[in-house]
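What follows is a short report on a single structure.
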Amino acid sequence: MVNSDLVLAALEAAAVLISAIAGMIVAANKGLDLVGAVALACVNAFGGGTVRDLLLDNRPFYWMSHWEYLVAIVAISVPFVYSAMAFRVATEVHRRAAKVDAIGLSLFTITGVGIALGRETPIVVALLMGVVTGTMGGVLRDVVVNEIPDLFQPGGLYATASLAGALAFVGALGYGLHYGEAAAAGIVLIVALRLISLRLGMTIPAPHWISNPPRDPP
Amino acid sequence: MVNSDLVLAALEAAAVLISAIAGMIVAANKGLDLVGAVALACVNAFGGGTVRDLLLDNRPFYWMSHWEYLVAIVAISVPFVYSAMAFRVATEVHRRAAKVDAIGLSLFTITGVGIALGRETPIVVALLMGVVTGTMGGVLRDVVVNEIPDLFQPGGLYATASLAGALAFVGALGYGLHYGEAAAAGIVLIVALRLISLRLGMTIPAPHWISNPPRDPP
Amino acid sequence: MVNSDLVLAALEAAAVLISAIAGMIVAANKGLDLVGAVALACVNAFGGGTVRDLLLDNRPFYWMSHWEYLVAIVAISVPFVYSAMAFRVATEVHRRAAKVDAIGLSLFTITGVGIALGRETPIVVALLMGVVTGTMGGVLRDVVVNEIPDLFQPGGLYATASLAGALAFVGALGYGLHYGEAAAAGIVLIVALRLISLRLGMTIPAPHWISNPPRDPP
């Protein structure tokens with residue numbers, strides 16, 4: 001008999017840690033030190049949920065009630081920073097973890113929508129909170145290291161996949177599905193859209209200013 | 001008979017949307033995509049009020065109780081991003097909208113001071129909250145796209161106009177004027193200072209380090 | 001008879017103002033104006049405590065209940081920005097104030113841990129809040145002026161000293177020392193580690209990617 005709560009918890013843990021490792025990899029690419037690696041790992045893994053909880057006045061933060069993740073991130077960061085072999089293993093795990101990353105995006109999104117709905121925000125706000133939860137960690141990570149956020153530039157479907165799944169979840173609830181079924185629909189849609197977009201190189205259409213820059217910049 | 005509440009609401013709506021379009025124009029200049037255009041529009045339009053409300057612990061946020069603006073911003077962003085003609089119209093509207101922008105600065109500032117005073121903060125803090133409400137959206141927008149904030153660099157009066165109007169508002173309240181009269185005084189002063197400074201190229205005096213950079217950077 | 005509360009208050013005031021001047025110096029190096037100097041002074045001096053209080057939902061903020069500091073910062077910033085002589089004095093004071101800066105790091109750290117413990121956060125979170133209080137102002141300052149945070153790059157012990165002192169404080173409390181004694185232990189350790197690391201050029205070990213950059217950036 002499969003315990004679905006356990007599976008969900010394991011997927012969540014994997015998504016958090018893969019997200020933390022992705023933050024560490026950015027720190028390495030920028031030549032930061034151990035402090036920077038831990039900081040970017042935390043920002044990437046917990047930034048989205050923390051912004052959501054600040055906006056919804058929702059406490060305690062995930063990383064406060066699950067502080068074991070803070071310990072785990074420090075424990076992973078030390079070999080990552082000081083052992084070239086551990087670093088290679090971690091980057092290789094991350095490279096192969098597109099599915100885990102997509103699952104993380106979907107879990108964070110649906111959790112965010114659910115928390116917002118629980119606080120009786122308007123539906124538009126709940127959708128936005130889902131996307132914020134799923135994507136804001138990466139935005140903050142990029143801002144901290146002085147890059148224009150990846151999320152805002154042409155690439156695979158990410159915010160779009162998150163929004164589509166949030167809509168599917170809310171729509172399914174509206175049609176009377178049970179919470180768990182509606183959540184599953186949203187999660188499957190996000191994972192599918194994200195992975196298909198990566199496989200096929202799909203993006204949202206490029207703005208007219210990409211192919212045809214304005215002559216007089218406003 | 002003119003309904004002043006209606007006029008105020010219309011001015012506020014115009015200011016929010018012009019501010020959102022200004023964010024989209026920055027996104028275009030940076031080569032971002034639809035997601036970036038929507039994000040910068042929201043940050044530019046709602047960032048100042050959101051920071052104020054986080055600092056004052058004031059809920060719900062403006063964009064939560066006026067979530068129709070979120071829908072409007074998405075609805076405007078699509079033609080802006082995908083139609084070169086809509087883009088030209090929007091940038092032209094924005095270019096001619098210095099007055100609306102100045103009215104936005106004034107409304108956001110006075111609203112911010114009023115909310116802070118309603119929470120019985122010290123007057124110095126209320127003045128600061130006014131300036132934060134009026135200016136912080138642009139600061140966040142610049143930080144997100146990796147630019148040193150315009151606000152912190154020599155240019156037309158902006159933070160200064162906001163602060164002067166906040167002082168006028170608080171001072172008029174102290175002299176016993178009614179709330180609406182005092183607010184009007186602050187609003188008129190901010191709009192006048194901002195527009196006059198743009199017309200005449202007025203700025204606050206330049207620091208000594210602009211004309212005379214230190215030889216030994218500290 | 002020495003009044004230790006008075007000494008502590010004087011040290012705290014000195015630390016806040018030195019931290020504000022450090023922010024102004026960054027503004028000067030970046031060619032910002034008076035508005036930028038005041039903003040960076042506030043961010044550098046109050047950013048860490050403000051982030052901590054947002055995360056712990058702790059009000060009022062330090063700068064709201066001690067709004068005299070806001071007035072003092074504006075009063076200092078005007079001569080700093082407009083008088084080359086006052087600027088030289090301030091930068092010279094700052095250059096010689098490494099001890100005050102170290103004391104500030106220690107006071108802010110221990111205060112942060114104390115506030116978190118008072119809110120019954122897990123110990124790991126309290127340690128993190130100490131480091132955040134001590135270091136986040138500088139991180140925000142760097143992000144605003146578009147630099148990768150100093151804190152995340154190889155240099156003298158800073159976050160590490162802060163964490164060590166936070167650990168000493170919590171450990172001493174755990175061993176049954178009185179609050180004041182435990183705080184003193186943490187403060188002394190942070191100041192000592194910081195000043196010794198500056199004197200001897202000590203840093204935490206450099207990551208493997210500094211001496212030996214990966215050939216295939218992940």
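Chain lettering (A, B, ...) mirrors the order of the structure tokens, residue numbering begins at 1 for each chain separately, and ligand numbering begins at 1 in order of display.
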
Backbone-only DSSP, helix (DSSP H, G or I) members of range 15-63 of chain A, as a ChimeraX atom specification: /A:15-29,34-56,62-63

Chain B contacts on chain C, only C-alpha atoms, 9 Å, as a PyMOL selection string: chain C and resi 25-37+39+50+54+57+59-61+63-65+67-68+70-71+80-84+88+91-92+95+143-146

Polymer residues at most 8 Å from Asp101 in chain C, only C-alpha atoms, same-chain spacing of 5 or more positions, as an NGL selection string: :C and (15 or 18-19)

Using N, CA, C and O atoms, can you export the residues from the last selection as an mmCIF file, in the first residue's frame?
```
data_model
loop_
_atom_site.group_PDB
_atom_site.id
_atom_site.type_symbol
_atom_site.label_atom_id
_atom_site.label_comp_id
_atom_site.auth_asym_id
_atom_site.auth_seq_id
_atom_site.Cartn_x
_atom_site.Cartn_y
_atom_site.Cartn_z
ATOM 1 N N ALA C 15 27.574 52.775 16.792
ATOM 2 C CA ALA C 15 27.549 51.746 15.757
ATOM 3 C C ALA C 15 26.539 52.090 14.659
ATOM 4 O O ALA C 15 26.814 51.930 13.470
ATOM 5 N N ILE C 18 28.027 55.052 12.589
ATOM 6 C CA ILE C 18 29.151 54.626 11.743
ATOM 7 C C ILE C 18 28.625 53.815 10.559
ATOM 8 O O ILE C 18 29.096 53.949 9.423
ATOM 9 N N SER C 19 27.636 53.007 10.825
ATOM 10 C CA SER C 19 27.036 52.196 9.776
ATOM 11 C C SER C 19 26.336 53.094 8.742
ATOM 12 O O SER C 19 26.426 52.853 7.527
#
```

Distance query Phe108 in chain A at most 7 Å, only C-alpha atoms, self and fewer than 3 positions along chain excluded, as an NGL selection string: :A and (104-105 or 111-112 or 133-134)

For CA of Leu173 in chain B and CA of Ile187 in chain B, the interatomic separation in Å (one decimal): 13.5 Å

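Our summary of the geometry notes that CA of Ile196 in chain C is positioned 11.1 Å from CA of Ala98 in chain C.
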
Nearest candidate to Gly186 in chain B (options B:Leu6, B:Val100, B:Leu127, B:Ile115; using only C-alpha atoms): B:Leu127

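One finds CA of Val74 in chain C at 20.2 Å from CA of Leu11 in chain C.
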